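Engineer: Dumping the structure here so I can ask a few things about it.
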Amino acid sequence: MRLRQRLEPRPGQIAGLVLVAAALLPPTLVASGPPLCPFRLLTGLPCPGCGLTRSLVCLLHGDLAMSLAFHPLGPPVALALLVLVLAEGRGGASPLTRMGAWLESRHPYAVAAFPWATLAAFLLVWLVRLPLYLQGRWLY
């Protein structure tokens, strides 16, 4: 294995770091901290992912209600990150990798549509939350 291949972070490693960082950050710090979203800092409006970090931190500290208040897609994103970590942990022979290959062989269009469905979910949540935010009725 070449040195460059070993130094390149894999998706499962990045997902693991995100989960560990969210578990270590105190919820009070992220809940009361300033927004760091570049889109929000430039426009004054929240982006489709605004509140996701706060949602993950609250979820990993056991506060599901606050997690959903910050971003409704926080729990599914946490689950997706956990799946990435588990798939990476066992290498290429993991049951998750085999299941993904099996699913792709049987339903290639569903697997290809997954990123688009994820994008659509974020945009849908954003379109629901944006008017509420403008009315001052949504927490970010």
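Chain labels A, B, ... are given in the sequence in which chains occur in the structure tokens; within each chain residues are numbered consecutively from 1, and ligands are likewise numbered from 1 in the order shown.
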Would you list, as an MDAnalysis selection string, the residues of chain A that end up in helix (DSSP H, G or I) under DSSP run on this structure's backbone?
Structural biologist: chainID A and resid 3:7 11:24 27:32 38:43 52:60 64:70 74:89 91:93 95:106 108:134
Engineer: Counting only C-alpha atoms, which residues of segment 45-106 of chain A fall within 12 Å of segment 113-128 of chain A, and what is the closest atom pair for each with its distance in Å at one decimal, ordered by chain and rising number, as a tab-separated table?
Structural biologist:
```
residue	atom	partner	partner_atom	distance
A:Leu45	CA	A:Trp126	CA	10.6
A:Pro46	CA	A:Trp126	CA	8.4
A:Cys47	CA	A:Trp126	CA	7.2
A:Pro48	CA	A:Trp126	CA	4.9
A:Gly49	CA	A:Phe122	CA	7.1
A:Cys50	CA	A:Trp126	CA	8.9
A:Gly51	CA	A:Trp126	CA	10.9
A:Leu52	CA	A:Phe122	CA	10.6
A:Leu68	CA	A:Val125	CA	11.6
A:Ala69	CA	A:Val125	CA	11.9
A:Phe70	CA	A:Val125	CA	11.6
A:His71	CA	A:Val125	CA	8.5
A:Pro72	CA	A:Val125	CA	7.6
A:Leu73	CA	A:Phe122	CA	7.6
A:Gly74	CA	A:Phe122	CA	10.6
A:Pro76	CA	A:Thr118	CA	10.2
A:Val77	CA	A:Thr118	CA	9.9
A:Ala80	CA	A:Thr118	CA	11.1
A:Leu103	CA	A:Phe114	CA	11.9
A:Glu104	CA	A:Ala113	CA	11.0
```
Engineer: Kindly indicate which residue among A:Val111, A:Leu7, A:Ala23, A:Ala101 lies nearest to Asp63 of chain A, using only C-alpha atoms for the distances.
Structural biologist: A:Ala23
Engineer: Might you pull out every residue within 9 Å of Leu19 of chain A, with only C-alpha atoms counted and same-chain residues fewer than 6 positions away left off, and present them as a list of chain:residue names?
Structural biologist: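 Here the qualifying residues turn out to be A:Leu56, A:Val57, A:Leu60, A:Ala78, A:Leu81, A:Leu82.
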